[in-house]
Every structure is written in structure tokens, then in C-alpha cells.
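Q: Take a look at target27.txt, compact mmCIF, C-alpha atoms:
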```
# COMPACT_ATOMS: atom_id res chain seq x y z
CA MET A 1 -64.71 -34.11 34.27
CA LEU A 2 -68.01 -35.99 34.54
CA LEU A 3 -70.46 -35.14 31.77
CA LEU A 4 -74.01 -36.18 30.95
CA ARG A 5 -74.43 -36.69 27.22
CA VAL A 6 -77.23 -38.12 25.12
CA GLY A 7 -76.48 -41.73 24.23
CA LYS A 8 -73.77 -42.10 26.88
CA PRO A 9 -74.26 -43.94 30.20
CA PHE A 10 -74.20 -42.05 33.48
CA GLY A 11 -70.70 -41.86 34.93
CA GLN A 12 -68.82 -41.19 31.69
CA LEU A 13 -65.50 -39.40 32.29
CA ILE A 14 -64.20 -36.94 29.70
CA GLY A 15 -60.64 -35.61 29.70
CA THR A 16 -60.25 -31.94 28.82
CA GLN A 17 -56.46 -31.68 28.85
CA PHE A 18 -53.85 -32.99 26.41
CA ALA A 19 -53.78 -36.41 24.73
CA TRP A 20 -51.09 -38.68 23.27
CA ILE A 21 -50.78 -38.82 19.50
CA LYS A 22 -51.23 -42.46 18.49
CA ASP A 23 -51.19 -44.60 15.37
CA GLU A 24 -54.16 -46.57 14.03
CA ASN A 25 -53.26 -49.46 16.34
CA GLY A 26 -53.35 -47.32 19.48
CA ASN A 27 -49.56 -47.14 19.93
CA ARG A 28 -48.08 -43.87 21.12
CA LEU A 29 -45.89 -42.07 18.61
CA ILE A 30 -42.39 -41.12 19.80
CA ASP A 31 -40.49 -38.08 18.56
CA PRO A 32 -37.30 -39.51 16.99
CA ALA A 33 -35.31 -36.41 17.95
CA THR A 34 -36.16 -36.37 21.65
CA GLY A 35 -37.29 -39.94 22.42
CA LEU A 36 -40.40 -38.50 24.12
CA PRO A 37 -44.06 -39.23 23.33
CA LEU A 38 -45.87 -36.78 21.09
CA ARG A 39 -48.95 -35.10 22.49
CA THR A 40 -51.58 -32.83 21.01
CA ALA A 41 -50.66 -29.18 20.53
CA GLY A 42 -53.69 -28.06 22.52
CA ARG A 43 -56.37 -29.33 24.87
CA VAL A 44 -58.78 -31.89 23.46
CA GLU A 45 -61.71 -33.89 24.80
CA THR A 46 -60.96 -37.60 25.26
CA ASP A 47 -63.19 -40.42 26.44
CA LEU A 48 -61.56 -41.84 29.59
CA GLY A 49 -64.09 -44.55 30.41
CA ASN A 50 -66.95 -44.93 32.84
CA ALA A 51 -66.85 -44.67 36.62
CA GLN A 52 -69.72 -47.12 37.17
CA PRO A 53 -68.73 -50.69 38.13
CA ASP A 54 -69.55 -53.71 35.99
CA TRP A 55 -70.72 -55.43 39.15
CA LEU A 56 -70.59 -55.26 42.95
CA GLY A 57 -70.59 -58.19 45.33
CA GLY A 58 -69.43 -59.72 48.52
CA PHE A 59 -69.79 -62.71 50.76
CA GLY A 60 -69.70 -63.33 54.46
CA ASN A 61 -69.45 -66.47 56.50
CA THR A 62 -69.74 -67.42 60.16
CA LEU A 63 -68.06 -70.44 61.72
CA LYS A 64 -69.13 -71.60 65.17
CA TYR A 65 -67.44 -74.10 67.43
CA LYS A 66 -68.57 -74.55 70.99
CA GLY A 67 -68.39 -71.03 72.41
CA PHE A 68 -66.25 -69.58 69.60
CA ASN A 69 -67.69 -67.51 66.76
CA LEU A 70 -65.57 -66.50 63.72
CA TYR A 71 -67.04 -64.09 61.16
CA ALA A 72 -65.45 -62.84 57.92
CA LEU A 73 -66.76 -60.46 55.24
CA VAL A 74 -65.16 -59.93 51.81
CA ASP A 75 -66.27 -56.97 49.68
CA MET A 76 -65.75 -56.78 45.91
CA ARG A 77 -66.04 -54.31 43.06
CA GLN A 78 -65.05 -55.03 39.47
CA GLY A 79 -64.92 -52.52 36.64
CA GLY A 80 -65.09 -48.75 36.44
CA VAL A 81 -62.33 -46.16 36.28
CA ILE A 82 -61.33 -43.23 38.44
CA PHE A 83 -59.52 -40.00 37.55
CA SER A 84 -56.90 -39.25 40.21
CA GLN A 85 -55.81 -35.72 40.93
CA SER A 86 -53.47 -37.17 43.55
CA SER A 87 -51.62 -39.02 40.77
CA ARG A 88 -51.19 -35.72 38.96
CA GLU A 89 -49.66 -34.10 42.06
CA GLN A 90 -47.35 -37.05 42.70
CA ILE A 91 -46.10 -36.99 39.11
CA ILE A 92 -45.50 -33.23 39.16
CA TYR A 93 -43.45 -33.42 42.36
CA GLY A 94 -41.81 -36.79 41.63
CA THR A 95 -43.17 -38.52 44.72
CA SER A 96 -44.85 -41.44 42.93
CA LYS A 97 -42.98 -44.76 42.88
CA LYS A 98 -43.49 -45.02 39.13
CA THR A 99 -41.35 -41.91 38.59
CA LEU A 100 -38.27 -43.58 40.14
CA ALA A 101 -37.22 -45.71 37.18
CA GLY A 102 -34.81 -44.14 34.71
CA ARG A 103 -33.73 -41.13 36.75
CA ASP A 104 -30.19 -41.85 35.61
CA GLY A 105 -31.16 -41.23 31.99
CA THR A 106 -32.08 -44.79 31.02
CA TYR A 107 -35.86 -44.41 30.74
CA ILE A 108 -37.35 -45.66 27.47
CA ALA A 109 -40.86 -44.44 26.61
CA ASP A 110 -43.13 -47.16 25.27
CA GLY A 111 -44.28 -46.48 21.72
CA MET A 112 -43.41 -46.45 18.04
CA VAL A 113 -40.86 -44.13 16.45
CA ALA A 114 -42.67 -41.49 14.40
CA GLN A 115 -41.98 -39.67 11.18
CA LYS A 116 -43.85 -37.04 9.19
CA ASP A 117 -45.69 -37.94 6.02
CA GLY A 118 -46.05 -35.79 2.93
CA SER A 119 -48.83 -33.76 4.57
CA GLY A 120 -46.75 -33.02 7.65
CA ASN A 121 -48.66 -35.39 9.92
CA TRP A 122 -46.95 -37.73 12.36
CA VAL A 123 -47.21 -41.40 11.39
CA SER A 124 -45.61 -44.59 12.68
CA THR A 125 -42.43 -46.03 11.18
CA GLY A 126 -43.30 -49.44 12.62
CA VAL A 127 -40.11 -49.39 14.71
CA GLN A 128 -40.29 -49.76 18.49
CA ASN A 129 -38.73 -46.83 20.36
CA SER A 130 -35.36 -47.52 22.03
CA LYS A 131 -34.06 -44.00 22.69
CA GLN A 132 -33.14 -43.39 26.33
CA VAL A 133 -34.27 -40.25 28.16
CA THR A 134 -34.35 -39.04 31.75
CA ALA A 135 -37.37 -39.85 33.86
CA GLN A 136 -37.81 -36.14 34.58
CA ASP A 137 -38.09 -35.27 30.89
CA TYR A 138 -40.60 -38.08 30.35
CA TRP A 139 -42.85 -37.30 33.30
CA ASN A 140 -42.77 -33.60 32.45
CA MET A 141 -44.50 -34.61 29.22
CA VAL A 142 -47.12 -36.52 31.24
CA ALA A 143 -47.79 -33.68 33.72
CA SER A 144 -45.69 -30.55 34.07
CA ASP A 145 -48.20 -28.57 36.14
CA LYS A 146 -51.84 -28.62 37.19
CA GLU A 147 -53.04 -27.28 33.85
CA VAL A 148 -50.70 -29.23 31.54
CA MET A 149 -51.18 -32.99 31.69
CA VAL A 150 -52.23 -35.97 29.61
CA SER A 151 -55.66 -36.88 30.95
CA GLU A 152 -55.53 -40.63 30.29
CA GLU A 153 -52.38 -41.01 32.41
CA MET A 154 -54.38 -40.10 35.53
CA ILE A 155 -56.90 -42.92 35.02
CA ASN A 156 -56.90 -45.91 37.40
CA ASP A 157 -58.92 -49.12 37.46
CA MET A 158 -61.32 -49.03 40.42
CA SER A 159 -61.62 -52.81 40.79
CA TYR A 160 -60.85 -54.25 44.21
CA VAL A 161 -61.35 -57.21 46.50
CA ALA A 162 -61.22 -56.12 50.14
CA MET A 163 -61.06 -57.93 53.46
CA ARG A 164 -63.81 -55.80 54.93
CA GLU A 165 -64.22 -57.37 58.36
CA ILE A 166 -63.01 -60.21 60.57
CA SER A 167 -64.25 -60.84 64.09
CA LEU A 168 -63.60 -63.57 66.65
CA SER A 169 -65.61 -63.88 69.84
CA TYR A 170 -66.05 -66.31 72.68
CA THR A 171 -69.22 -66.76 74.71
CA PHE A 172 -68.49 -68.00 78.20
CA PRO A 173 -70.53 -70.99 79.37
CA GLN A 174 -73.35 -70.43 81.83
CA ASN A 175 -71.68 -72.45 84.57
CA LEU A 176 -68.97 -69.79 84.78
CA MET A 177 -71.44 -66.96 85.34
CA PRO A 178 -71.78 -65.56 88.84
CA HIS A 179 -75.27 -66.64 89.93
CA ARG A 180 -77.97 -63.95 89.91
CA ILE A 181 -75.46 -61.29 88.81
CA ILE A 182 -74.43 -61.91 85.18
CA ASN A 183 -76.58 -63.91 82.76
CA SER A 184 -74.24 -63.86 79.75
CA LEU A 185 -70.68 -62.80 78.91
CA LYS A 186 -69.06 -62.53 75.48
CA LEU A 187 -65.57 -61.27 74.68
CA GLY A 188 -64.35 -60.63 71.16
CA VAL A 189 -61.87 -58.86 68.89
CA TYR A 190 -62.59 -57.39 65.47
CA GLY A 191 -60.91 -55.65 62.55
CA ARG A 192 -62.48 -53.65 59.71
CA ASN A 193 -60.97 -52.45 56.40
CA LEU A 194 -57.97 -54.66 57.03
CA PHE A 195 -56.37 -55.09 53.59
CA TYR A 196 -56.95 -55.62 49.87
CA PHE A 197 -56.57 -58.92 48.07
CA GLN A 198 -56.71 -56.91 44.84
CA ARG A 199 -56.12 -53.19 44.28
CA ASN A 200 -55.16 -51.39 41.05
CA THR A 201 -55.06 -47.75 42.12
CA ASP A 202 -51.71 -45.99 42.41
CA GLY A 203 -51.16 -44.62 45.91
CA PHE A 204 -54.75 -44.23 47.06
CA SER A 205 -57.75 -46.31 48.03
CA PRO A 206 -59.98 -47.40 45.11
CA GLU A 207 -62.96 -46.56 47.29
CA ALA A 208 -62.04 -42.87 47.32
CA SER A 209 -64.13 -42.42 44.19
CA ALA A 210 -65.56 -39.00 45.07
CA PHE A 211 -64.39 -35.93 46.94
CA ASN A 212 -67.95 -34.72 47.37
CA VAL A 213 -71.26 -36.31 48.30
CA ASN A 214 -72.70 -34.85 45.09
CA ASN A 215 -73.21 -37.38 42.26
CA SER A 216 -71.37 -35.07 39.86
CA SER A 217 -68.05 -35.99 41.46
CA ILE A 218 -68.16 -39.80 41.15
CA GLY A 219 -65.09 -41.22 39.49
CA ILE A 220 -62.88 -38.34 40.59
CA GLU A 221 -60.32 -38.62 43.41
CA SER A 222 -58.61 -35.60 44.90
CA THR A 223 -55.91 -35.86 47.61
CA SER A 224 -58.03 -38.38 49.51
CA LEU A 225 -57.12 -39.82 52.89
CA PRO A 226 -56.50 -43.58 53.27
CA MET A 227 -59.33 -45.82 54.38
CA MET A 228 -59.46 -46.04 58.16
CA ARG A 229 -58.42 -49.45 59.48
CA THR A 230 -60.20 -50.24 62.73
CA ILE A 231 -59.15 -52.85 65.30
CA GLY A 232 -60.98 -53.20 68.60
CA ILE A 233 -62.28 -55.33 71.44
CA ASN A 234 -65.91 -56.07 72.27
CA LEU A 235 -67.19 -57.02 75.70
CA THR A 236 -70.88 -57.87 75.99
CA VAL A 237 -72.36 -58.42 79.41
CA GLY A 238 -75.95 -59.45 80.04
CA PHE A 239 -77.64 -59.01 83.44
```
I'd like the structure from this file rewritten - as C-alpha cells, please.
A:
Amino acid sequence: MLLLRVGKPFGQLIGTQFAWIKDENGNRLIDPATGLPLRTAGRVETDLGNAQPDWLGGFGNTLKYKGFNLYALVDMRQGGVIFSQSSREQIIYGTSKKTLAGRDGTYIADGMVAQKDGSGNWVSTGVQNSKQVTAQDYWNMVASDKEVMVSEEMINDMSYVAMREISLSYTFPQNLMPHRIINSLKLGVYGRNLFYFQRNTDGFSPEASAFNVNNSSIGIESTSLPMMRTIGINLTVGF
């Protein structure tokens, strides 16, 4: 969820579901009996990062040669995170590409093997986990239903570099114009939202950062549609 708190910048995302149990170095702790990551017994609030970008930018350029005109626009965003409800759904139903590995029982969860100390708390043994499990068992720990998930696993980096627009046109010379009928004629092709040079989101557009026009939904993606790629032809006639 997006919360406004004193001392925190606008756009701070707070997880309200489960969290991984980690050691002092930030490594996940792995249950030695099951080979699965340990998570909190109940729901906790976790700081997931901020949805606001570090910076926005872009550049465009036009090249002209005789009657030809080539225009290109690149759009950029760096920094900021987004919580994806689509990722949660894909994990639950096993439709995400990242759930494919280890379905034969060879998945190894990244983390340190845990043990309990004298107070009954989980601590790290300093040994990297090597116990194999099924992908289904692992991803069920990440998200087993809409109300049981590890919030941080649904976070994606919103940085991108996009090829926003390319257009190529040709202006016909005046000596080809029918006298007293057409003064100018330009024919061109264009494409918008063509592709990404860089994209870090899993299965959705990084620009789908809100499912509502309200500011309270920034940094949250929910079953969004892909960005519309547009390709067309322009014909400009002057009389």
C-alpha cells in the first residue's frame, strides 16, 4: 500500500503481508528440514521502497536530407519501484516464466541454512543452502493465495529506456505538384511505443504504475494491459 508518513518522501510503498526472515547481512534463512525460506508467522509492515523516479529524461533528433525527414524520440525513467499484483496472480497460478525452473524437484532456494539459538530464534549457520525442493513448494511460500504472500517478492524496478517514436516522411518537390491544384504533398510512416531498450518489470509494462488516476495508487500495478504499439501512415496535402 501507499502511505503518507511524517519524515518519509511521497510515494513510499509499505508491504502489509508476510516477510522473509533474514540474518544481519540480509540473507534469507532456510529451514534445514524443508529447504524452504522461513517467513514471519504473521503479517508485518515492511518498507518496499519508493515509487518516485530518481530522474526522468529523453531526447529527440531530426535528420533531414533533401525531401526526407527522419525523427526519433527516446524516453527514459530511472529509479523507483512498483508493486505488481499481476506478479502475485502469475505466481499463484504458475504462469510466470520464473516459476518454470525446478519443477522436477531440483529448485534450490537462495539463502543460508538456519538453526535455532538458545532462545529459540532462527539464526544463520553461515552455510549456503543446497537442499533441492520442487518449484511448486517454493513458490507456494512466496504466494499461496491473494492474502498470503511475501510483499517484497512482488516489487519490480520501474526503470526503462523506451523507443517512444520513429517517423519517416518525404516531401515531394514542387515541380511534381499539379499546377493550381495541390501546393504541397508529404507522405510518411510512423511508429509509437515500439520497444524497450531496457525494461526490468516481469510480464508487464513499467509504465503501468497506477491502476487509477488518483495519486494514492502510484507505484501499484494491477492486471494492466500492455502499452499500445501504434504504426500508421500520414498523408498531408496542401491546397
Q: Considering all atoms listed in the file, return as a list in words whatever protein or nucleic-acid residues lie within 8 Å of Gln174 of chain A, sequence-local ones (same chain, fewer than 2 positions apart) excluded.
A: Phe172, Leu176, Met177, Asn183 and Ser184 of chain A
Q: Show which residues sit within 12 Å of Ser159 of chain A, as number ranges by chain. Count all atoms listed in the file, and ignore same-chain residues fewer than 2 positions away.
A: A: 51-57, 75-82, 156-157, 161-162, 196-201, 205-209
Q: Hey, can you check how far atom CA of Asn129 of chain A sits from atom CA of Arg43 of chain A?
A: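 The value is 25.3 Å.
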Q: Using atom CA of Gly203 of chain A and atom CA of Gly94 of chain A as the two end points, give the distance in Å to one decimal.
A: 12.9 Å
Q: Would you be able to write out as a list in words which residues have an atom within 9 Å of (-47.7, -44.6, 16.7) in the file's coordinates, counting all atoms listed in the file?
A: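 Neighbouring residues, ordered by chain and number, come to Ile21, Lys22, Asp23, Glu24, Asn25, Gly26, Asn27, Arg28, Leu29, Ile30, Gly111, Met112, Val113, Ala114, Trp122, Val123, Ser124, Thr125 and Gly126 of chain A.
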Q: Would you list the contacts of Tyr65 of chain A as a PyMOL selection string, taking every protein, DNA or RNA residue within 12 Å and counting only C-alpha atoms, but skipping same-chain residues closer than 6 positions in sequence?
A: chain A and resi 71+168-171
Q: Closest to Lys131 of chain A among A:Ser167, A:Ala33, A:Ala41, A:Leu235, using all atoms listed in the file?
A: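 Result for the nearest residue to Lys131 of chain A: A:Ala33.
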Q: Rank nothing, just name the residue among A:Thr16, A:Ser119, A:Ser144, A:Asn50 nearest to Gln90 of chain A, using all atoms listed in the file.
A: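 Closest residue, counting all atoms listed in the file: A:Ser144.
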Q: Pick the closest to Val148 of chain A from A:Lys116, A:Lys97, A:Arg88, A:Arg164: which is it, counting all atoms listed in the file?
A: A:Arg88
Q: When you draw a straight line from atom CA of Gln85 of chain A to atom CA of Tyr138 of chain A, how long is it in Å?
A: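 Here the two named atoms are 18.7 Å from each other.
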Q: Using all atoms listed in the file for the distances, tell me which of A:Gly188, A:Asn193, A:Asp202, A:Phe10 is nearest to Met228 of chain A.
A: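 Of all the options, A:Asn193 lies closest to Met228 of chain A.
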Q: Point out the residue among A:Gly35, A:Pro226, A:Gly191, A:Gly60 with the least atom-to-atom distance to Ala109 of chain A, counting only C-alpha atoms.
A: A:Gly35
Q: Of the residues A:Phe239, A:Phe83, A:Tyr107, A:Trp139, which is the one nearest to Gly11 of chain A, using only C-alpha atoms?
A: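 Of A:Phe239, A:Phe83, A:Tyr107, A:Trp139, the one nearest Gly11 of chain A, counting only C-alpha atoms, is A:Phe83.
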Q: Please determine the residues with any atom at most 10 Å from (-37.5, -32.2, 23.5) (coordinates as given in the file, with only C-alpha atoms counting) and report them as a PyMOL selection string.
A: chain A and resi 31-38+133+137-138+141
